[in-house]
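Data block for data.cif (mmCIF, C-alpha atoms):
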```cif
data_run
loop_
_atom_site.label_atom_id
_atom_site.label_comp_id
_atom_site.auth_asym_id
_atom_site.auth_seq_id
_atom_site.Cartn_x
_atom_site.Cartn_y
_atom_site.Cartn_z
CA MET A 92 -13.90 1.21 25.36
CA LEU A 93 -11.56 3.47 23.38
CA ALA A 94 -7.89 3.45 24.30
CA THR A 95 -6.47 6.69 25.67
CA SER A 96 -3.22 8.30 24.62
CA THR A 97 -1.61 7.75 28.03
CA PRO A 98 -1.81 4.80 30.45
CA PRO A 99 -3.56 5.13 33.84
CA THR A 100 -1.71 7.42 36.26
CA ALA A 101 -1.29 4.71 38.90
CA THR A 102 0.71 2.45 36.61
CA GLY A 103 2.07 4.98 34.14
CA ALA A 104 5.28 5.92 35.95
CA ALA A 105 6.30 2.31 36.57
CA GLY A 106 5.39 1.38 33.02
CA TYR A 107 7.51 4.11 31.50
CA LYS A 108 10.45 3.21 33.72
CA LEU A 109 10.26 -0.44 32.65
CA ALA A 110 9.82 0.48 28.98
CA TYR A 111 12.95 2.64 29.01
CA GLN A 112 14.87 -0.21 30.63
CA TRP A 113 13.62 -2.68 28.02
CA LEU A 114 14.76 -0.48 25.15
CA ALA A 115 18.30 -1.62 25.89
CA GLN A 116 17.37 -5.31 26.23
CA ASP A 117 17.13 -8.10 23.64
CA ALA A 118 15.20 -7.67 20.40
CA GLY A 119 11.92 -9.02 21.76
CA LYS A 120 11.81 -6.76 24.80
CA SER A 121 13.07 -3.69 22.96
CA ALA A 122 10.42 -4.12 20.26
CA ALA A 123 7.69 -4.44 22.92
CA ALA A 124 8.97 -1.34 24.70
CA GLU A 125 9.12 0.60 21.45
CA ALA A 126 5.56 -0.37 20.54
CA ALA A 127 4.28 0.63 23.99
CA LEU A 128 6.06 3.98 23.93
CA CYS A 129 4.72 4.63 20.44
CA LEU A 130 1.11 3.97 21.43
CA TYR A 131 1.43 5.68 24.81
CA PRO A 132 4.00 8.48 24.42
CA GLU A 133 5.06 10.19 27.60
CA ALA A 134 3.85 13.77 27.79
CA ASP A 135 7.31 15.00 28.77
CA ASN A 136 10.05 13.91 26.34
CA THR A 137 12.90 14.89 28.65
CA ARG A 138 13.79 11.30 29.53
CA LEU A 139 13.88 10.18 25.90
CA LEU A 140 16.19 13.03 24.93
CA LYS A 141 18.37 12.34 27.98
CA LEU A 142 18.65 8.70 26.92
CA TYR A 143 19.72 9.84 23.45
CA ASP A 144 22.52 11.96 24.91
CA GLU A 145 23.72 9.33 27.35
CA GLN A 146 23.35 5.98 25.57
CA GLU A 147 24.83 5.97 22.08
CA VAL A 148 23.81 2.37 21.46
CA LEU A 149 20.14 3.35 21.79
CA ARG A 150 20.24 6.22 19.31
CA PRO A 151 18.97 4.30 16.26
CA ALA A 152 16.01 2.91 18.23
CA LEU A 153 15.32 6.31 19.75
CA PHE A 154 15.30 8.02 16.36
CA ARG A 155 12.84 5.39 15.17
CA LEU A 156 10.73 6.16 18.23
CA PHE A 157 11.02 9.92 17.66
CA ARG A 158 9.57 9.36 14.17
CA LYS A 159 6.73 7.16 15.36
CA GLN A 160 5.85 9.62 18.13
CA MET A 161 6.00 12.53 15.66
CA LEU A 162 8.38 14.25 18.05
CA SER A 163 9.80 17.55 16.82
CA LEU A 164 13.62 17.63 16.92
CA PRO A 165 16.17 20.35 16.11
CA ILE A 166 17.02 20.14 12.42
CA ALA A 167 20.73 20.41 13.17
CA MET A 168 20.48 17.31 15.38
CA VAL A 169 18.76 15.36 12.60
CA ASN A 170 21.22 16.47 9.92
CA SER A 171 24.19 15.55 12.07
CA ALA A 172 22.88 12.08 12.84
CA ALA A 173 22.05 11.46 9.17
CA THR A 174 25.31 12.65 7.61
CA ALA A 175 28.16 12.70 10.12
CA GLU A 176 30.99 10.31 9.28
CA THR A 177 31.04 9.25 12.93
CA SER A 178 27.38 8.17 12.85
CA ALA A 179 26.81 4.43 12.74
CA ASP A 180 24.96 3.15 9.67
CA ALA A 181 21.98 2.14 11.82
CA LEU A 182 21.71 5.69 13.13
CA LYS A 183 21.97 7.21 9.65
CA ILE A 184 19.15 4.96 8.43
CA GLU A 185 16.76 5.95 11.21
CA ALA A 186 17.74 9.64 11.10
CA LEU A 187 17.07 9.72 7.34
CA ARG A 188 13.71 8.01 7.83
CA TYR A 189 12.84 10.59 10.45
CA ALA A 190 14.04 13.42 8.20
CA ALA A 191 11.92 12.15 5.31
CA THR A 192 8.77 12.70 7.38
CA ASN A 193 9.69 16.29 8.32
CA ALA A 194 8.57 18.79 5.69
CA ASP A 195 10.81 21.45 7.25
CA ILE A 196 13.94 19.52 6.28
CA GLY A 197 15.23 20.22 2.78
CA MET A 198 16.72 17.78 0.31
CA ASP A 199 20.45 18.37 0.90
CA VAL A 200 20.64 15.84 3.73
CA PHE A 201 19.27 13.17 1.36
CA ARG A 202 21.23 14.15 -1.76
CA THR A 203 24.45 13.63 0.18
CA HIS A 204 23.77 9.89 0.08
CA TYR A 205 22.60 9.32 -3.50
CA LEU A 206 24.32 11.88 -5.71
CA SER A 207 27.56 9.91 -5.38
CA LEU A 208 25.82 6.94 -7.03
CA LEU A 209 25.16 8.98 -10.14
CA SER A 210 28.85 9.82 -10.41
CA GLY A 211 29.86 6.16 -10.19
CA LYS A 212 31.16 6.07 -6.62
CA ALA A 213 30.78 3.04 -4.39
CA GLN A 214 27.42 2.60 -2.71
CA SER A 215 27.01 2.68 1.05
CA ASP A 216 24.54 0.49 2.94
CA ALA A 217 21.51 -0.10 0.69
CA ARG A 218 19.18 0.81 3.54
CA ILE A 219 20.82 4.22 3.84
CA VAL A 220 20.45 4.78 0.11
CA GLU A 221 16.81 3.66 0.13
CA ALA A 222 15.93 5.98 3.02
CA ALA A 223 17.74 8.89 1.34
CA ILE A 224 16.13 8.33 -2.06
CA TRP A 225 12.68 8.23 -0.49
CA GLY A 226 13.34 11.55 1.22
CA GLY A 227 14.41 13.00 -2.12
CA MET A 228 11.37 11.61 -3.91
CA LEU A 229 9.05 13.24 -1.37
CA ARG A 230 10.74 16.52 -2.23
CA SER A 231 10.38 15.94 -6.00
CA ASP A 232 14.13 15.70 -6.63
CA PRO A 233 14.59 14.14 -10.12
CA ASP A 234 18.08 12.97 -9.12
CA ALA A 235 16.49 10.75 -6.46
CA THR A 236 14.43 8.98 -9.11
CA ARG A 237 17.45 8.58 -11.38
CA ALA A 238 19.50 7.08 -8.55
CA ILE A 239 17.06 4.21 -8.07
CA SER A 240 18.26 2.12 -11.01
CA VAL A 241 21.90 2.50 -9.98
CA ALA A 242 21.08 1.51 -6.42
CA ILE A 243 19.15 -1.56 -7.60
CA SER A 244 22.02 -2.72 -9.79
CA ASN A 245 24.41 -2.29 -6.84
CA THR A 246 22.25 -4.26 -4.42
CA PRO A 247 22.35 -8.07 -4.69
CA VAL A 248 20.70 -8.85 -1.32
CA PRO A 249 17.06 -9.73 -2.18
CA LYS A 250 15.32 -8.09 0.79
CA TYR A 251 17.16 -4.79 0.30
CA ARG A 252 16.75 -4.96 -3.45
CA THR A 253 12.99 -5.34 -2.95
CA THR A 254 12.79 -2.11 -0.95
CA LEU A 255 14.52 -0.30 -3.81
CA LEU A 256 12.22 -1.93 -6.35
CA ARG A 257 9.33 -0.60 -4.28
CA LEU A 258 10.66 2.92 -4.84
CA ALA A 259 10.89 2.17 -8.56
CA ALA A 260 7.26 1.03 -8.54
CA LEU A 261 6.19 4.17 -6.69
CA THR A 262 7.60 6.36 -9.47
CA GLY A 263 5.39 4.71 -12.10
CA ALA A 264 8.21 5.37 -14.58
CA ALA A 265 8.23 3.20 -17.71
CA GLU A 266 11.96 2.55 -17.53
CA TYR A 267 11.45 0.50 -14.35
CA LEU A 268 8.76 -1.82 -15.72
CA PRO A 269 11.26 -4.45 -17.05
CA LEU A 270 12.89 -4.65 -13.62
CA LEU A 271 9.51 -5.01 -11.94
CA LEU A 272 8.37 -7.70 -14.38
CA HIS A 273 11.59 -9.62 -13.77
CA ALA A 274 11.00 -9.37 -10.02
CA ALA A 275 7.46 -10.68 -10.45
CA GLU A 276 8.72 -13.66 -12.46
CA SER A 277 11.55 -14.42 -10.04
CA ASP A 278 9.57 -14.01 -6.81
CA PRO A 279 5.83 -13.75 -7.46
CA ALA A 280 4.94 -13.25 -3.78
CA THR A 281 6.87 -9.98 -3.57
CA GLY A 282 6.97 -9.03 -7.24
CA TYR A 283 3.27 -8.87 -8.09
CA PRO A 284 2.41 -6.45 -5.26
CA LEU A 285 5.08 -4.19 -6.78
CA LEU A 286 3.24 -4.30 -10.11
CA VAL A 287 0.08 -3.25 -8.29
CA LEU A 288 1.96 -0.33 -6.79
CA TYR A 289 3.27 0.56 -10.25
CA GLY A 290 -0.34 0.65 -11.38
CA GLN A 291 0.10 1.61 -15.03
CA LYS A 292 -1.80 0.32 -18.06
CA SER A 293 1.33 -1.36 -19.39
CA VAL A 294 1.24 -4.09 -16.72
CA MET A 295 -2.12 -5.48 -17.85
CA PRO A 296 -0.94 -7.57 -20.83
CA GLU A 297 1.76 -9.07 -18.63
CA LEU A 298 -0.75 -9.94 -15.93
CA LEU A 299 -2.93 -11.72 -18.47
CA LYS A 300 0.07 -13.74 -19.68
CA ALA A 301 0.95 -14.63 -16.09
CA LEU A 302 -2.54 -16.06 -15.61
CA GLU A 303 -1.55 -18.84 -18.02
CA VAL A 304 1.47 -19.89 -15.93
CA ALA A 305 0.98 -22.17 -12.94
CA HIS A 306 3.46 -20.57 -10.52
CA THR A 307 2.28 -17.01 -11.20
CA MET A 308 -1.46 -17.33 -11.88
CA GLU A 309 -2.70 -16.83 -8.31
CA HIS A 310 -0.42 -13.86 -7.69
CA ALA A 311 -1.40 -12.34 -11.04
CA ALA A 312 -5.09 -12.82 -10.25
CA ALA A 313 -4.67 -11.04 -6.90
CA ALA A 314 -2.82 -8.20 -8.62
CA PHE A 315 -5.53 -7.96 -11.27
CA ARG A 316 -8.16 -7.65 -8.52
CA GLN A 317 -6.27 -4.85 -6.78
CA LEU A 318 -5.75 -2.93 -9.99
CA THR A 319 -9.22 -3.32 -11.49
CA ASP A 320 -11.52 -4.19 -8.56
CA GLN A 321 -12.66 -7.16 -10.67
CA ILE A 322 -12.62 -10.78 -9.50
CA LEU A 323 -11.59 -13.13 -12.28
CA PRO A 324 -13.83 -16.13 -13.00
CA ARG A 325 -12.29 -19.44 -12.00
CA ILE A 326 -12.24 -22.62 -14.03
CA PRO A 327 -11.58 -26.20 -12.85
CA ARG A 328 -7.99 -27.40 -12.79
CA LEU A 329 -6.97 -30.84 -13.97
CA THR A 330 -7.23 -33.44 -11.21
CA VAL A 331 -6.15 -37.02 -10.82
CA VAL A 332 -8.80 -39.52 -11.98
CA GLY A 333 -10.58 -41.03 -8.99
CA GLU A 334 -9.27 -38.40 -6.56
CA GLU A 335 -11.83 -37.29 -4.00
CA GLU A 336 -12.08 -33.71 -2.79
CA ASP A 337 -14.24 -32.01 -0.18
CA ASP A 338 -16.04 -28.69 -0.49
CA ALA A 339 -13.21 -26.79 1.18
CA GLU A 340 -10.84 -27.91 -1.55
CA GLU A 341 -13.19 -27.17 -4.41
CA ASN A 342 -12.20 -23.56 -4.93
CA ALA A 343 -8.51 -24.41 -4.49
CA ARG A 344 -8.93 -26.84 -7.40
CA LYS A 345 -9.93 -23.98 -9.69
CA SER A 346 -7.67 -21.59 -11.54
CA PRO A 347 -8.35 -17.95 -12.42
CA THR A 348 -9.17 -17.55 -16.09
CA SER A 349 -7.12 -15.24 -18.28
CA LYS A 350 -10.29 -13.89 -19.90
CA PRO A 351 -11.24 -11.01 -17.58
CA PRO A 352 -14.63 -9.34 -17.44
CA ALA A 353 -15.12 -5.81 -18.76
CA LEU A 354 -13.87 -3.02 -16.56
CA GLY A 355 -16.46 -0.26 -16.34
CA GLY A 356 -17.46 -0.81 -19.93
CA GLN A 357 -13.80 -0.92 -21.03
CA THR A 358 -11.26 -3.69 -21.30
CA PRO A 359 -8.27 -3.29 -18.96
CA ILE A 360 -5.85 -2.42 -21.77
CA GLN A 361 -7.91 0.69 -22.59
CA LEU A 362 -6.99 2.41 -19.33
CA GLU A 363 -5.31 5.78 -19.71
CA ALA A 364 -1.58 5.24 -20.18
CA ASP A 365 -0.44 8.12 -17.97
CA GLU A 366 -2.64 7.30 -14.99
CA ARG A 367 -2.06 5.02 -12.04
CA TRP A 368 -5.01 2.79 -11.21
CA LEU A 369 -6.01 1.06 -7.99
CA PHE A 370 -9.20 -0.91 -7.42
CA GLY A 371 -10.73 0.17 -10.69
CA LYS A 372 -10.30 3.93 -10.31
CA PRO A 373 -7.61 6.51 -11.05
CA ALA A 374 -5.36 7.02 -8.03
CA ASN A 375 -6.36 10.60 -7.28
CA THR A 376 -6.30 12.09 -3.81
CA ALA A 377 -9.89 11.27 -2.91
CA HIS A 378 -9.56 7.64 -4.00
CA LEU A 379 -6.26 7.14 -2.17
CA VAL A 380 -7.70 8.61 1.03
CA ALA A 381 -10.70 6.29 0.74
CA LEU A 382 -8.41 3.27 0.26
CA ILE A 383 -6.27 4.20 3.27
CA GLN A 384 -9.42 4.12 5.38
CA LYS A 385 -10.03 0.53 4.26
CA HIS A 386 -6.53 -0.96 4.22
CA ALA A 387 -3.88 -1.27 6.91
CA GLY A 388 -0.57 -3.12 7.03
CA ARG A 389 1.95 -3.09 4.21
CA PHE A 390 -0.63 -2.28 1.55
CA GLY A 391 -1.96 0.61 3.60
CA GLN A 392 1.58 1.97 3.94
CA ASP A 393 2.05 1.73 0.18
CA ILE A 394 -1.15 3.68 -0.45
CA MET A 395 -0.02 6.29 2.06
CA ALA A 396 3.27 6.59 0.16
CA LEU A 397 1.35 7.17 -3.08
CA LEU A 398 -0.72 9.83 -1.35
CA GLU A 399 2.40 11.58 -0.06
CA LEU A 400 3.89 11.61 -3.54
CA SER A 401 0.69 13.06 -4.93
CA GLN A 402 0.88 15.84 -2.34
CA LYS A 403 4.59 16.40 -3.13
CA ALA A 404 5.32 16.53 0.60
CA PRO A 405 5.50 14.19 3.59
CA LEU A 406 2.29 13.84 5.58
CA ASN A 407 4.01 12.47 8.71
CA ILE A 408 1.30 10.00 9.71
CA PRO A 409 3.01 6.94 11.24
CA SER A 410 1.45 3.57 10.57
CA GLU A 411 2.32 2.40 14.09
CA ILE A 412 -0.02 4.73 15.98
CA TRP A 413 -3.60 3.96 16.93
CA ARG A 414 -5.76 3.51 13.84
CA ALA A 415 -8.30 6.08 14.98
CA ARG A 416 -5.55 8.61 15.58
CA GLN A 417 -4.08 7.91 12.16
CA GLN A 418 -7.44 8.46 10.49
CA GLN A 419 -8.01 11.72 12.37
CA LEU A 420 -4.58 13.05 11.39
CA LEU A 421 -5.26 12.15 7.78
CA ALA A 422 -8.65 13.86 7.82
CA ASP A 423 -7.13 16.99 9.36
CA LYS A 424 -4.31 17.15 6.82
CA MET A 425 -6.62 16.57 3.87
CA ALA A 426 -8.98 19.28 5.12
CA ALA A 427 -6.07 21.70 5.02
CA GLN A 428 -5.19 20.79 1.41
CA PRO A 429 -6.53 22.41 -1.79
CA ALA A 430 -9.89 21.07 -2.96
CA SER A 431 -8.50 18.73 -5.61
CA LYS A 432 -5.28 17.17 -6.81
CA PRO A 433 -4.47 15.69 -10.22
CA VAL A 434 -4.34 11.95 -10.79
CA LEU A 435 -1.00 10.55 -9.70
CA SER A 436 0.95 9.61 -12.81
CA ALA A 437 4.44 8.62 -13.84
CA LYS A 438 4.91 12.09 -15.30
CA SER A 439 4.49 13.61 -11.86
CA HIS A 440 7.65 12.01 -10.46
CA HIS A 441 9.99 11.35 -13.32
CA ALA A 442 11.99 13.98 -15.15
#
```
Reformat the file's structure so that it appears as C-alpha cells.
Amino acid sequence: MLATSTPPTATGAAGYKLAYQWLAQDAGKSAAAEAALCLYPEADNTRLLKLYDEQEVLRPALFRLFRKQMLSLPIAMVNSAATAETSADALKIEALRYAATNADIGMDVFRTHYLSLLSGKAQSDARIVEAAIWGGMLRSDPDATRAISVAISNTPVPKYRTTLLRLAALTGAAEYLPLLLHAAESDPATGYPLLVLYGQKSVMPELLKALEVAHTMEHAAAAFRQLTDQILPRIPRLTVVGEEEDDAEENARKSPTSKPPALGGQTPIQLEADERWLFGKPANTAHLVALIQKHAGRFGQDIMALLELSQKAPLNIPSEIWRARQQQLLADKMAAQPASKPVLSAKSHHA
C-alpha cells in the first residue's frame, strides 16, 4: 500500500504535536521528528513559522526542515538568516543550504561568504563556506569555483575538507585533480568516490596504477566500475601454504586485475578529455536522469548535484522525501526543460 502525504486524521493532530515537541529534544528524538515532518508535512505551515519566531534555538533545524519540505519563504527572511552578523553559524549554514535550492535567490547572499577568501581574509566556519560555494556554483559564478582551492587549504578537519573536495570533484576542473588523487591515496574509502564524481579521462591511468597497490586496489576497482560500467577480472591472491578456505572466501581471495577489458570498443584512456563519464556513458542529462532513477543515498545525491550543474540551476528535489515523490518531481522538471542538454564537462563550470 502506497504511503500518503499526510498521516491518518485520527492520529495526525497528536502526531504533529509530539513531533514539534521532539524537535527541541535530544539529537535522537529531534532527528526522528524532523524525518517524520519531512515525510508527512503539515498542510498548514503556521505552527512551523510560529516556532521559528518564538524559539531561536530551533531555527537551524527549522530551516533544514523548510528546505526538505520545499516550503516557500520570503527571500528577505532567508537573506537575513544567511548573512546577519547576529545569526549563529548553525543558522547561516542551514539558511545557505535552503537558499541554494531556491532559484529565485541570486548569488549575492553566497558571494558574501566566499569572496573574502579570494582577498586573503580569514575563513569562517568551513561548513558555511561550503554551503555558500555550492550556491554560487549552481548559479555559475566563476568566483565560487576559484574559492574552492583556498577553502580546502584553509580547512584541516578531514570531514569538512572532504565536503570541499566534493565540490572540487563536481567542477571537473583539471587543477583539482592532484588534490583529489592525494585524497584517494590518503583515504581510499572517501577519496575514490570523489574520483568517480570527477569523472574525467585523466583519472584512468591513476586508477590502473592503484589496482597494483594492496590498500587501494578494491577502491580503485569499484571506481573503475562506476566510471566505465565494466567489471574487472579477478585473479587469485597469494595465500599461505596449507591454508584452507571455503567458497564464501574464494572471491575475497582474488584481486582485481589492472588489465581492464575494452570499453565499447575503446580502451578507457581514449575517452573524450572534456567529457565526464559515469557507468560507461557521457554524463548528459538523459543519462544522469536514468542513473538517479537507479541510485539513492550519497551516490544518488552526487548524481543529482551533477544534474543540477548541467541545468545551471537548482532543481530543489530533496533526497529525504518519499522516493516516488522525488521521481515524480524529477520527471516533471525534466519535462519542462529543453529537449537536450550538452554533456557535462569541466569547461561548463570553470572559467
Exercise for the section: Evaluate the PyMOL selection byres ((chain A and resi 306-323) around 6) and record the selected residues as a VMD selection string, following the chain and residue labels used in the document. Expected result: chain A and resid 287 298 301 to 302 304 to 305 324 347 351 368 to 371
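When atom CA of Ala265 of chain A is paired with atom CA of Tyr289 of chain A, their separation reads 9.3 Å.
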Practice task
Name the residues in contact with Gly391 of chain A at a cut-off of 12 Å, using all atoms listed in the file, excluding same-chain residues fewer than 3 positions from it; report them as a PyMOL selection string.
Solution key: chain A and resi 288+379-388+394-398+408-411+414+417-418
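Atom CA of Gly282 of chain A is positioned 16.3 Å from atom CA of Glu266 of chain A.
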Practice task
Starting from the point (20.9, 15.3, 6.1), work out which residues of protein, DNA or RNA have an atom no more than 7 Å away when counting only C-alpha atoms; state them as a list in words.
Solution key: Val169, Asn170, Ser171, Ala173, Thr174, Leu187, Asp199, Val200 and Phe201 of chain A
Exercise for the section: Could you check how far atom CA of Lys292 of chain A sits from atom CA of Leu255 of chain A, in Å to one decimal? Expected result: 21.7 Å
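Picked by the PyMOL selection byres ((chain A and resi 271-278) around 9) from the coordinates shown: A:Thr253, A:Leu256, A:Arg257, A:Ala259, A:Ala260, A:Tyr267, A:Leu268, A:Pro269, A:Leu270, A:Pro279, A:Ala280, A:Thr281, A:Gly282, A:Tyr283, A:Pro284, A:Leu285, A:Leu286, A:Tyr289, A:Val294, A:Glu297, A:Ala301, A:His306, A:Thr307, A:His310.
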Let me see the file: selected residues, C-alpha atoms, as a PDB file, keeping the file's coordinate frame.
```pdb
ATOM      1  CA  THR A 253      12.990  -5.340  -2.950  1.00  0.00           C
ATOM      2  CA  LEU A 256      12.220  -1.930  -6.350  1.00  0.00           C
ATOM      3  CA  ARG A 257       9.330  -0.600  -4.280  1.00  0.00           C
ATOM      4  CA  ALA A 259      10.890   2.170  -8.560  1.00  0.00           C
ATOM      5  CA  ALA A 260       7.260   1.030  -8.540  1.00  0.00           C
ATOM      6  CA  TYR A 267      11.450   0.500 -14.350  1.00  0.00           C
ATOM      7  CA  LEU A 268       8.760  -1.820 -15.720  1.00  0.00           C
ATOM      8  CA  PRO A 269      11.260  -4.450 -17.050  1.00  0.00           C
ATOM      9  CA  LEU A 270      12.890  -4.650 -13.620  1.00  0.00           C
ATOM     10  CA  PRO A 279       5.830 -13.750  -7.460  1.00  0.00           C
ATOM     11  CA  ALA A 280       4.940 -13.250  -3.780  1.00  0.00           C
ATOM     12  CA  THR A 281       6.870  -9.980  -3.570  1.00  0.00           C
ATOM     13  CA  GLY A 282       6.970  -9.030  -7.240  1.00  0.00           C
ATOM     14  CA  TYR A 283       3.270  -8.870  -8.090  1.00  0.00           C
ATOM     15  CA  PRO A 284       2.410  -6.450  -5.260  1.00  0.00           C
ATOM     16  CA  LEU A 285       5.080  -4.190  -6.780  1.00  0.00           C
ATOM     17  CA  LEU A 286       3.240  -4.300 -10.110  1.00  0.00           C
ATOM     18  CA  TYR A 289       3.270   0.560 -10.250  1.00  0.00           C
ATOM     19  CA  VAL A 294       1.240  -4.090 -16.720  1.00  0.00           C
ATOM     20  CA  GLU A 297       1.760  -9.070 -18.630  1.00  0.00           C
ATOM     21  CA  ALA A 301       0.950 -14.630 -16.090  1.00  0.00           C
ATOM     22  CA  HIS A 306       3.460 -20.570 -10.520  1.00  0.00           C
ATOM     23  CA  THR A 307       2.280 -17.010 -11.200  1.00  0.00           C
ATOM     24  CA  HIS A 310      -0.420 -13.860  -7.690  1.00  0.00           C
TER      25      HIS A 310
END
```
